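Next up, final_29.cif (mmCIF, C-alpha atoms):
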```
data_input
#
loop_
_atom_site.label_atom_id
_atom_site.label_comp_id
_atom_site.auth_asym_id
_atom_site.auth_seq_id
_atom_site.Cartn_x
_atom_site.Cartn_y
_atom_site.Cartn_z
CA MET A 165 0.00 0.00 0.00
CA LYS A 166 1.64 3.24 -1.14
CA ASN A 167 0.11 6.26 0.41
CA GLU A 168 1.61 9.70 0.09
CA THR A 169 -0.04 11.11 3.18
CA LEU A 170 1.15 8.21 5.34
CA GLU A 171 4.67 8.64 3.96
CA ILE A 172 4.61 12.29 5.03
CA ILE A 173 3.55 11.25 8.53
CA TYR A 174 6.15 8.47 8.76
CA THR A 175 9.05 10.58 7.49
CA ARG A 176 8.44 13.79 9.44
CA ARG A 177 11.27 14.63 11.78
CA SER A 178 12.35 17.62 13.84
CA VAL A 179 14.67 19.77 11.75
CA ARG A 180 16.90 22.17 13.69
CA SER A 181 19.29 23.45 11.03
CA TYR A 182 18.35 25.75 8.15
CA THR A 183 20.05 27.57 5.27
CA GLY A 184 18.85 31.04 6.30
CA GLU A 185 16.63 31.47 3.23
CA ALA A 186 13.33 33.31 3.62
CA VAL A 187 10.02 31.42 3.62
CA PRO A 188 7.55 33.07 1.18
CA ARG A 189 4.34 34.50 2.57
CA GLU A 190 2.10 32.29 0.38
CA THR A 191 3.89 29.22 1.73
CA LEU A 192 3.29 30.42 5.29
CA MET A 193 -0.40 30.89 4.46
CA LYS A 194 -0.63 27.28 3.24
CA ILE A 195 0.99 26.11 6.47
CA LEU A 196 -1.40 28.21 8.57
CA ARG A 197 -4.39 26.86 6.67
CA ALA A 198 -3.23 23.34 7.55
CA GLY A 199 -2.93 24.40 11.19
CA MET A 200 -6.46 25.74 11.27
CA ALA A 201 -7.81 22.52 9.70
CA ALA A 202 -7.11 20.69 12.98
CA PRO A 203 -10.03 19.37 15.03
CA SER A 204 -10.96 21.23 18.21
CA ALA A 205 -13.37 20.41 21.00
CA ARG A 206 -16.85 21.51 19.84
CA ASN A 207 -15.09 23.21 16.92
CA ILE A 208 -14.31 26.18 19.17
CA GLN A 209 -10.90 26.80 17.52
CA PRO A 210 -9.37 28.46 20.62
CA TRP A 211 -6.21 29.48 18.77
CA ALA A 212 -4.31 32.30 17.09
CA PHE A 213 -1.03 32.31 15.19
CA ILE A 214 1.73 34.90 15.21
CA VAL A 215 3.97 34.74 12.16
CA VAL A 216 7.42 36.21 12.63
CA THR A 217 9.68 36.88 9.66
CA ASP A 218 11.37 40.05 10.94
CA ARG A 219 15.07 39.28 11.49
CA GLY A 220 15.31 41.45 14.60
CA LYS A 221 12.41 39.68 16.28
CA LEU A 222 13.67 36.23 15.29
CA ASP A 223 17.05 37.15 16.76
CA SER A 224 15.49 38.42 19.99
CA LEU A 225 13.54 35.17 20.41
CA CYS A 226 16.74 33.26 19.58
CA ALA A 227 18.77 35.14 22.19
CA LYS A 228 16.23 34.83 25.00
CA LEU A 229 14.69 31.38 24.55
CA PRO A 230 16.96 28.57 25.77
CA TYR A 231 15.72 25.88 23.38
CA ALA A 232 15.18 27.94 20.24
CA LYS A 233 18.77 28.66 19.18
CA MET A 234 18.01 27.34 15.68
CA LEU A 235 15.99 30.54 15.09
CA ASP A 236 19.19 32.31 14.02
CA LYS A 237 18.97 30.62 10.61
CA ALA A 238 15.21 30.14 10.39
CA GLY A 239 13.33 31.92 7.61
CA ALA A 240 10.27 32.37 9.78
CA ALA A 241 8.65 31.28 13.01
CA ILE A 242 5.06 30.53 13.84
CA VAL A 243 3.96 31.03 17.44
CA VAL A 244 0.87 28.95 18.20
CA CYS A 245 -1.18 30.72 20.84
CA GLY A 246 -4.02 29.45 22.97
CA VAL A 247 -6.93 31.82 23.43
CA PRO A 248 -8.87 30.18 26.30
CA GLU A 249 -11.42 32.99 26.43
CA LYS A 250 -12.77 31.95 23.01
CA ASP A 251 -14.09 28.86 24.79
CA THR A 252 -17.29 29.79 26.59
CA VAL A 253 -18.53 26.17 26.68
CA TYR A 254 -15.83 24.33 28.65
CA GLY A 255 -14.12 27.23 30.40
CA GLY A 256 -10.90 26.87 28.42
CA LYS A 257 -10.28 23.25 29.41
CA TYR A 258 -9.21 21.95 26.00
CA TRP A 259 -7.04 24.65 24.43
CA VAL A 260 -3.79 22.71 24.98
CA GLU A 261 -5.22 19.68 23.13
CA ASP A 262 -6.63 21.82 20.33
CA CYS A 263 -3.52 23.96 19.84
CA SER A 264 -1.31 20.85 19.96
CA ALA A 265 -3.38 19.28 17.18
CA ALA A 266 -2.96 22.50 15.16
CA THR A 267 0.79 22.43 15.85
CA GLU A 268 1.12 18.87 14.58
CA ASN A 269 -0.73 19.86 11.40
CA ILE A 270 1.69 22.77 10.96
CA LEU A 271 4.73 20.49 11.40
CA LEU A 272 3.35 17.98 8.89
CA ALA A 273 2.51 20.72 6.39
CA CYS A 274 6.07 22.11 6.64
CA HIS A 275 7.46 18.65 5.95
CA ALA A 276 5.05 18.12 3.03
CA LEU A 277 6.24 21.42 1.51
CA GLY A 278 9.90 20.43 1.85
CA LEU A 279 10.59 22.73 4.81
CA GLY A 280 12.13 21.89 8.16
CA ALA A 281 10.51 22.78 11.47
CA VAL A 282 10.61 21.89 15.15
CA TRP A 283 8.27 22.32 18.12
CA THR A 284 9.99 24.38 20.85
CA ALA A 285 7.74 24.64 23.87
CA ALA A 286 6.88 27.87 25.70
CA HIS A 287 3.89 26.87 27.90
CA PRO A 288 3.83 25.44 30.60
CA ASN A 289 7.21 27.03 31.39
CA GLU A 290 6.23 30.44 32.73
CA ASP A 291 9.58 32.13 32.05
CA ARG A 292 9.57 31.11 28.41
CA ALA A 293 5.93 32.10 27.94
CA ALA A 294 6.70 35.50 29.52
CA THR A 295 9.68 36.00 27.19
CA VAL A 296 7.53 35.34 24.12
CA ARG A 297 4.78 37.59 25.48
CA GLU A 298 7.21 40.43 25.97
CA ILE A 299 8.95 40.22 22.60
CA LEU A 300 5.75 39.79 20.59
CA ASN A 301 3.46 41.97 22.69
CA VAL A 302 1.09 39.10 23.53
CA PRO A 303 -1.66 39.97 26.05
CA GLU A 304 -2.01 38.12 29.38
CA THR A 305 -5.23 36.43 28.27
CA VAL A 306 -3.39 34.68 25.43
CA VAL A 307 -0.94 31.82 26.08
CA PRO A 308 1.98 31.19 23.73
CA LEU A 309 2.07 27.38 23.54
CA ASN A 310 5.21 27.11 21.42
CA VAL A 311 7.54 28.73 18.91
CA ILE A 312 8.01 26.80 15.66
CA PRO A 313 11.14 27.83 13.73
CA ILE A 314 10.68 27.11 10.00
CA GLY A 315 13.32 27.11 7.30
CA VAL A 316 14.83 25.45 4.29
CA PRO A 317 16.51 22.38 5.80
CA LYS A 318 20.29 22.32 5.90
CA ASP A 319 20.42 18.84 7.29
CA LYS A 320 17.60 16.38 7.26
CA GLY A 321 17.36 15.52 10.92
CA HIS A 322 16.54 11.92 11.64
CA VAL A 323 13.43 9.88 12.25
CA ILE A 324 13.27 8.45 15.76
CA GLU A 325 11.63 5.03 15.92
CA LYS A 326 9.19 5.06 18.82
CA PHE A 327 6.97 2.12 17.95
CA ARG A 328 6.97 -0.65 20.59
CA GLU A 329 4.81 -3.69 19.99
CA GLU A 330 4.74 -4.51 23.73
CA ASN A 331 2.84 -1.27 24.34
CA ILE A 332 -0.15 -2.48 22.34
CA HIS A 333 -2.95 -4.23 24.21
CA TRP A 334 -5.64 -6.19 22.38
CA GLU A 335 -9.22 -6.11 23.70
CA ARG A 336 -8.17 -5.71 27.36
CA TRP A 337 -5.19 -4.44 29.30
CA GLN A 338 -2.53 -7.12 29.51
CA GLY A 339 0.21 -7.29 32.09
CA MET B 176 6.85 18.58 -3.85
CA LYS B 177 4.97 16.08 -1.73
CA LYS B 178 1.57 17.59 -1.26
CA GLY B 179 -0.66 14.62 -0.48
CA ILE B 180 -1.26 15.55 3.11
CA LEU B 181 -2.33 19.08 2.27
CA GLU B 182 -5.08 17.78 0.02
CA THR B 183 -6.47 15.06 2.25
CA PRO B 184 -9.91 16.06 3.50
CA SER B 185 -10.33 15.36 7.19
CA GLY B 186 -13.98 15.70 8.10
CA LYS B 187 -15.03 13.87 11.25
CA VAL B 188 -16.74 10.59 10.41
CA LYS B 189 -19.27 9.37 12.92
CA ASN B 190 -21.09 6.58 11.10
CA TYR B 191 -19.54 3.44 9.79
CA ARG B 192 -20.33 0.51 7.47
CA ALA B 193 -20.08 -3.11 8.58
CA GLN B 194 -16.60 -4.16 7.54
CA ALA B 195 -13.72 -5.22 9.76
CA VAL B 196 -10.55 -3.19 10.09
CA GLN B 197 -7.48 -5.37 9.50
CA THR B 198 -4.78 -5.90 12.11
CA ASP B 199 -1.92 -4.67 9.91
CA VAL B 200 -3.87 -1.52 9.13
CA LEU B 201 -4.35 -0.84 12.84
CA MET B 202 -0.61 -1.31 13.36
CA ARG B 203 0.18 1.21 10.62
CA ILE B 204 -2.20 3.66 12.25
CA ILE B 205 -0.47 3.31 15.65
CA MET B 206 2.94 3.70 13.96
CA ALA B 207 1.75 6.96 12.45
CA GLY B 208 0.68 8.11 15.91
CA LEU B 209 4.13 7.51 17.31
CA THR B 210 5.93 9.61 14.69
CA GLY B 211 4.60 12.72 16.39
CA PRO B 212 7.03 15.07 18.17
CA LEU B 213 7.03 13.70 21.71
CA ILE B 214 8.62 15.12 24.82
CA ASN B 215 8.55 11.66 26.34
CA VAL B 216 8.52 8.57 24.14
CA GLN B 217 7.40 6.35 26.97
CA PRO B 218 5.11 5.29 28.47
CA TRP B 219 2.46 5.53 25.75
CA ASN B 220 0.25 2.49 25.50
CA PHE B 221 -2.42 1.72 22.91
CA MET B 222 -5.42 -0.49 23.34
CA ILE B 223 -7.22 -1.95 20.36
CA VAL B 224 -10.76 -3.15 20.87
CA THR B 225 -12.57 -5.12 18.17
CA GLU B 226 -14.83 -7.37 20.29
CA ARG B 227 -18.44 -6.42 19.68
CA THR B 228 -19.52 -6.72 23.32
CA ILE B 229 -16.74 -4.43 24.56
CA LEU B 230 -17.40 -1.88 21.81
CA ASP B 231 -21.10 -1.93 22.67
CA SER B 232 -20.37 -1.58 26.36
CA LEU B 233 -18.24 1.53 25.66
CA SER B 234 -20.93 2.83 23.31
CA ILE B 235 -23.68 2.52 25.91
CA LYS B 236 -21.78 3.86 28.91
CA LEU B 237 -19.59 6.57 27.47
CA PRO B 238 -21.11 9.95 26.60
CA HIS B 239 -20.46 11.18 23.04
CA ALA B 240 -19.35 7.70 21.92
CA LYS B 241 -22.58 6.31 20.48
CA MET B 242 -20.93 5.85 17.07
CA LEU B 243 -18.97 2.94 18.59
CA HIS B 244 -22.09 0.87 18.05
CA LYS B 245 -21.29 0.74 14.32
CA ALA B 246 -17.49 1.07 14.53
CA LYS B 247 -15.41 -2.04 13.83
CA ALA B 248 -12.59 -1.07 16.14
CA ALA B 249 -11.67 1.44 18.77
CA LEU B 250 -8.23 2.69 19.63
CA ILE B 251 -7.65 3.90 23.16
CA ILE B 252 -4.56 6.00 23.87
CA CYS B 253 -3.25 5.49 27.39
CA GLY B 254 -0.66 7.56 29.21
CA THR B 255 1.12 7.38 32.55
CA PRO B 256 1.57 11.01 33.52
CA GLU B 257 3.48 10.55 36.74
CA LYS B 258 6.82 12.09 35.79
CA ASN B 259 6.47 15.53 37.32
CA GLU B 260 3.91 18.23 37.97
CA LEU B 261 4.36 20.25 34.77
CA TYR B 262 4.48 17.14 32.63
CA SER B 263 1.39 15.61 34.16
CA ARG B 264 -0.58 18.84 33.97
CA ASP B 265 0.08 20.08 30.46
CA SER B 266 3.12 18.67 28.66
CA TRP B 267 1.73 15.16 28.34
CA VAL B 268 -1.44 16.67 26.86
CA MET B 269 0.70 18.06 24.03
CA ASP B 270 2.23 14.62 23.45
CA TYR B 271 -1.02 12.70 23.28
CA SER B 272 -2.66 15.41 21.19
CA ALA B 273 0.08 15.13 18.56
CA ILE B 274 -0.25 11.32 18.66
CA THR B 275 -4.03 11.57 18.27
CA ARG B 276 -3.75 14.06 15.42
CA ASN B 277 -1.45 11.72 13.49
CA ILE B 278 -3.73 8.76 14.13
CA LEU B 279 -6.76 10.62 12.78
CA LEU B 280 -4.83 11.76 9.71
CA ALA B 281 -3.55 8.22 9.10
CA CYS B 282 -7.09 6.80 9.31
CA ASN B 283 -8.25 9.38 6.83
CA ALA B 284 -5.33 8.69 4.48
CA ILE B 285 -6.16 4.97 4.52
CA GLY B 286 -9.83 5.65 3.76
CA LEU B 287 -11.11 4.93 7.25
CA GLY B 288 -13.34 7.18 9.30
CA ALA B 289 -12.42 8.14 12.86
CA VAL B 290 -13.20 10.70 15.51
CA TRP B 291 -11.55 11.91 18.73
CA VAL B 292 -13.77 11.17 21.74
CA GLY B 293 -12.18 12.60 24.87
CA ALA B 294 -11.97 10.80 28.21
CA TYR B 295 -9.37 12.93 30.06
CA PRO B 296 -9.83 15.17 32.03
CA SER B 297 -13.29 13.81 33.00
CA LYS B 298 -12.83 11.59 36.07
CA GLU B 299 -16.11 9.78 35.36
CA ARG B 300 -15.21 8.93 31.77
CA ILE B 301 -11.70 7.81 32.72
CA ALA B 302 -13.18 5.55 35.41
CA LEU B 303 -15.67 4.04 32.96
CA VAL B 304 -13.05 3.23 30.34
CA ARG B 305 -10.71 1.85 33.02
CA GLU B 306 -13.41 -0.42 34.35
CA ILE B 307 -14.55 -1.77 30.98
CA LEU B 308 -11.01 -2.40 29.70
CA ASN B 309 -9.39 -3.48 32.96
CA ILE B 310 -6.83 -0.66 32.88
CA PRO B 311 -4.69 -0.25 36.03
CA LYS B 312 -5.25 2.88 38.10
CA GLU B 313 -1.87 4.48 37.40
CA VAL B 314 -2.65 4.46 33.67
CA VAL B 315 -4.93 7.14 32.20
CA PRO B 316 -7.04 6.43 29.11
CA VAL B 317 -6.99 9.87 27.48
CA ASN B 318 -9.40 9.24 24.64
CA VAL B 319 -11.33 6.66 22.64
CA ILE B 320 -11.09 6.73 18.85
CA PRO B 321 -13.83 4.76 17.04
CA ILE B 322 -12.54 3.55 13.66
CA GLY B 323 -14.50 2.09 10.77
CA VAL B 324 -15.23 2.13 7.09
CA PRO B 325 -17.09 5.39 6.59
CA GLY B 326 -20.86 5.19 6.06
CA GLY B 327 -20.90 8.85 5.10
CA THR B 328 -18.05 11.17 4.21
CA GLY B 329 -18.37 13.39 7.25
CA GLN B 330 -18.50 17.11 6.81
CA LEU B 331 -15.45 19.11 5.85
CA ARG B 332 -15.48 22.58 7.30
CA GLU B 333 -13.32 25.40 6.04
CA LYS B 334 -11.81 26.80 9.21
CA PHE B 335 -9.23 29.17 7.76
CA GLN B 336 -9.77 32.58 9.32
CA LYS B 337 -7.53 35.47 8.47
CA GLU B 338 -8.23 37.20 11.77
CA ASN B 339 -6.49 34.33 13.59
CA ILE B 340 -3.21 35.40 12.01
CA ARG B 341 -1.01 38.19 13.39
CA TRP B 342 2.05 39.32 11.51
CA GLU B 343 5.27 40.02 13.44
CA ARG B 344 3.51 40.89 16.72
CA TRP B 345 0.15 40.56 18.47
#
```

File written out as structure tokens:
Amino acid sequence: MKNETLEIIYTRRSVRSYTGEAVPRETLMKILRAGMAAPSARNIQPWAFIVVTDRGKLDSLCAKLPYAKMLDKAGAAIVVCGVPEKDTVYGGKYWVEDCSAATENILLACHALGLGAVWTAAHPNEDRAATVREILNVPETVVPLNVIPIGVPKDKGHVIEKFREENIHWERWQG
Amino acid sequence: MKKGILETPSGKVKNYRAQAVQTDVLMRIIMAGLTGPLINVQPWNFMIVTERTILDSLSIKLPHAKMLHKAKAALIICGTPEKNELYSRDSWVMDYSAITRNILLACNAIGLGAVWVGAYPSKERIALVREILNIPKEVVPVNVIPIGVPGGTGQLREKFQKENIRWERW
């Protein structure tokens, strides 16, 4: 069974090294559209996306975030933000799930378009979330979940095999 | 350019035709789940239920899971969020959400219908799933994903909204 979508899922990897080339705006729009296609609880879509292409801002994020040093050569970054106040049904209980699903769509879309990307977490680390808030002027009611550096890959990264047959249980829990 | 994934529709499918889902297909779906970007690789466990009586039991007792009555299989993602406070509160949610997203996309790519039915954080739903599937108390079933051959195509919604995008700053 050859399936292009499955191949994209199987071959996605975190890419942390880029050539420094810019990522065109129309490409970023395609990636954002993929992000917004994610499922959300009751279709509330409690998210917002900040796209950063400005070199000064990318460098500031790079200098102040401990796990986002690859931003120095990234062409862009997408910051996935949770907006819990959009959820008036569940009191903001599911924004982490929903925004994580959107993030995974974004990472897969980058890979499908031949770009490299990596999920660098902000939330739940309060210092990192505060740093992102300050640099990008994000209000207190909005939570930066992560910063996703995106660029033309310089190296390919590597796929980590995480499948373990012993972690699969048929019909009932075994062991 | 590999574009397949950008063109795959992913409407939620909630009714299913009577046709079994093969074992090797279920394995491929779980493999797709585990290629997500995970903070902690372990200890994710996956339960596969295909027995009619167990599927029906879940269908009857679990809210929002009535479609299990016609599903041929259900996948239950189980986590053990005991590592530390931050991980067990939010970071593990990111991990299982990425896993779930990949699983739903893989189902769709294979031509199967599936939908994310949440258990966590509802204590009642977690207890119900634990009881029916004999899951130990330190393990948390986070969701139940009914899987089957689609009876309808589901509904694809266009969710792109320009006002969700901010350029350079909020």

Tell me which protein, DNA and RNA residues are within 12 Å of Ala281 in chain B, counting all atoms listed in the file, leaving out same-chain ones fewer than 5 positions away, and put them as a PDB file with C-alpha atoms, in the frame of the given file.
```pdb
ATOM      1  CA  ASN A 167       0.110   6.260   0.410  1.00  0.00           C
ATOM      2  CA  GLU A 168       1.610   9.700   0.090  1.00  0.00           C
ATOM      3  CA  THR A 169      -0.040  11.110   3.180  1.00  0.00           C
ATOM      4  CA  LEU A 170       1.150   8.210   5.340  1.00  0.00           C
ATOM      5  CA  GLU A 171       4.670   8.640   3.960  1.00  0.00           C
ATOM      6  CA  ILE A 172       4.610  12.290   5.030  1.00  0.00           C
ATOM      7  CA  ILE A 173       3.550  11.250   8.530  1.00  0.00           C
ATOM      8  CA  TYR A 174       6.150   8.470   8.760  1.00  0.00           C
ATOM      9  CA  LEU A 272       3.350  17.980   8.890  1.00  0.00           C
TER      10      LEU A 272
ATOM     11  CA  GLY B 179      -0.660  14.620  -0.480  1.00  0.00           C
ATOM     12  CA  ILE B 180      -1.260  15.550   3.110  1.00  0.00           C
ATOM     13  CA  THR B 183      -6.470  15.060   2.250  1.00  0.00           C
ATOM     14  CA  PRO B 184      -9.910  16.060   3.500  1.00  0.00           C
ATOM     15  CA  SER B 185     -10.330  15.360   7.190  1.00  0.00           C
ATOM     16  CA  VAL B 200      -3.870  -1.520   9.130  1.00  0.00           C
ATOM     17  CA  LEU B 201      -4.350  -0.840  12.840  1.00  0.00           C
ATOM     18  CA  MET B 202      -0.610  -1.310  13.360  1.00  0.00           C
ATOM     19  CA  ARG B 203       0.180   1.210  10.620  1.00  0.00           C
ATOM     20  CA  ILE B 204      -2.200   3.660  12.250  1.00  0.00           C
ATOM     21  CA  ILE B 205      -0.470   3.310  15.650  1.00  0.00           C
ATOM     22  CA  MET B 206       2.940   3.700  13.960  1.00  0.00           C
ATOM     23  CA  ALA B 207       1.750   6.960  12.450  1.00  0.00           C
ATOM     24  CA  GLY B 208       0.680   8.110  15.910  1.00  0.00           C
ATOM     25  CA  LEU B 209       4.130   7.510  17.310  1.00  0.00           C
ATOM     26  CA  THR B 210       5.930   9.610  14.690  1.00  0.00           C
ATOM     27  CA  GLY B 211       4.600  12.720  16.390  1.00  0.00           C
ATOM     28  CA  ILE B 274      -0.250  11.320  18.660  1.00  0.00           C
ATOM     29  CA  THR B 275      -4.030  11.570  18.270  1.00  0.00           C
ATOM     30  CA  ARG B 276      -3.750  14.060  15.420  1.00  0.00           C
ATOM     31  CA  GLY B 286      -9.830   5.650   3.760  1.00  0.00           C
ATOM     32  CA  LEU B 287     -11.110   4.930   7.250  1.00  0.00           C
ATOM     33  CA  GLY B 288     -13.340   7.180   9.300  1.00  0.00           C
ATOM     34  CA  ALA B 289     -12.420   8.140  12.860  1.00  0.00           C
ATOM     35  CA  VAL B 290     -13.200  10.700  15.510  1.00  0.00           C
ATOM     36  CA  ILE B 322     -12.540   3.550  13.660  1.00  0.00           C
TER      37      ILE B 322
END
```

I need the chain B residues near chain A as a PDB file with C-alpha atoms, in the frame of the given file; criterion: at most 7 Å, counting all atoms listed in the file.
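Output file result28.pdb follows:
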```pdb
ATOM      1  CA  MET B 176       6.850  18.580  -3.850  1.00  0.00           C
ATOM      2  CA  LYS B 177       4.970  16.080  -1.730  1.00  0.00           C
ATOM      3  CA  LYS B 178       1.570  17.590  -1.260  1.00  0.00           C
ATOM      4  CA  GLY B 179      -0.660  14.620  -0.480  1.00  0.00           C
ATOM      5  CA  ILE B 180      -1.260  15.550   3.110  1.00  0.00           C
ATOM      6  CA  LEU B 181      -2.330  19.080   2.270  1.00  0.00           C
ATOM      7  CA  MET B 206       2.940   3.700  13.960  1.00  0.00           C
ATOM      8  CA  ALA B 207       1.750   6.960  12.450  1.00  0.00           C
ATOM      9  CA  LEU B 209       4.130   7.510  17.310  1.00  0.00           C
ATOM     10  CA  THR B 210       5.930   9.610  14.690  1.00  0.00           C
ATOM     11  CA  VAL B 216       8.520   8.570  24.140  1.00  0.00           C
ATOM     12  CA  TRP B 219       2.460   5.530  25.750  1.00  0.00           C
ATOM     13  CA  ASN B 220       0.250   2.490  25.500  1.00  0.00           C
ATOM     14  CA  PHE B 221      -2.420   1.720  22.910  1.00  0.00           C
ATOM     15  CA  MET B 222      -5.420  -0.490  23.340  1.00  0.00           C
ATOM     16  CA  ILE B 223      -7.220  -1.950  20.360  1.00  0.00           C
ATOM     17  CA  VAL B 224     -10.760  -3.150  20.870  1.00  0.00           C
ATOM     18  CA  THR B 225     -12.570  -5.120  18.170  1.00  0.00           C
ATOM     19  CA  GLU B 226     -14.830  -7.370  20.290  1.00  0.00           C
ATOM     20  CA  LEU B 261       4.360  20.250  34.770  1.00  0.00           C
ATOM     21  CA  ASP B 265       0.080  20.080  30.460  1.00  0.00           C
ATOM     22  CA  VAL B 268      -1.440  16.670  26.860  1.00  0.00           C
ATOM     23  CA  MET B 269       0.700  18.060  24.030  1.00  0.00           C
ATOM     24  CA  SER B 272      -2.660  15.410  21.190  1.00  0.00           C
ATOM     25  CA  ALA B 273       0.080  15.130  18.560  1.00  0.00           C
ATOM     26  CA  ARG B 276      -3.750  14.060  15.420  1.00  0.00           C
ATOM     27  CA  ALA B 281      -3.550   8.220   9.100  1.00  0.00           C
ATOM     28  CA  ALA B 284      -5.330   8.690   4.480  1.00  0.00           C
ATOM     29  CA  LEU B 308     -11.010  -2.400  29.700  1.00  0.00           C
ATOM     30  CA  ASN B 309      -9.390  -3.480  32.960  1.00  0.00           C
ATOM     31  CA  ILE B 310      -6.830  -0.660  32.880  1.00  0.00           C
ATOM     32  CA  LYS B 334     -11.810  26.800   9.210  1.00  0.00           C
ATOM     33  CA  PHE B 335      -9.230  29.170   7.760  1.00  0.00           C
ATOM     34  CA  ASN B 339      -6.490  34.330  13.590  1.00  0.00           C
ATOM     35  CA  ILE B 340      -3.210  35.400  12.010  1.00  0.00           C
ATOM     36  CA  ARG B 341      -1.010  38.190  13.390  1.00  0.00           C
ATOM     37  CA  TRP B 342       2.050  39.320  11.510  1.00  0.00           C
ATOM     38  CA  GLU B 343       5.270  40.020  13.440  1.00  0.00           C
ATOM     39  CA  ARG B 344       3.510  40.890  16.720  1.00  0.00           C
ATOM     40  CA  TRP B 345       0.150  40.560  18.470  1.00  0.00           C
TER      41      TRP B 345
END
```

Using only C-alpha atoms, which protein or nucleic acid residues come within 10 Å of Arg227 in chain B? Drop anything in the same chain fewer than 6 positions from it, and give the result as a VMD selection string. chain B and resid 233 243 to 248

Around range 276-287 of chain B, with edges along x, y and z and 5 Å added on all six sides, what centre and edge lengths do you get, in Å to one decimal, as JSON?
```
{"center_x": -6.3, "center_y": 9.5, "center_z": 9.6, "size_x": 19.7, "size_y": 19.1, "size_z": 21.7}
```

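Rounded to one decimal, CA of Lys318 in chain A and CA of Leu279 in chain A lie 9.8 Å from each other.
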
Any idea what the distance is between CA of Glu190 in chain A and CA of Glu333 in chain B?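 One can read the CA of Glu190 in chain A to CA of Glu333 in chain B distance as 17.8 Å.
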
Counting all atoms listed in the file, select every polymer residue within 10 Å of (-19.1, 9.2, 5.6) as defined in the file's coordinates, and provide the selection as a count of residues only. 18

What residues come out when you apply the PyMOL selection byres ((chain B and resi 291-295) around 8) to this file, written as a PyMOL selection string? chain B and resi 239-240+275+279+289-290+296-298+300-301+304+315-321

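Atom to atom, CA of Pro218 in chain B and CA of Gly254 in chain B stand 6.2 Å apart.
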
Using all atoms listed in the file, can you tell me which of A:Ala227, A:Val316, A:Met234, A:Val296 comes closest to Thr191 in chain A? A:Val316

Glu257 in chain B: which residues within 10 Å, counting all atoms listed in the file, same-chain residues fewer than 3 positions away excluded, as an NGL selection string? :B and (218 or 254 or 260-264 or 267 or 313-314)
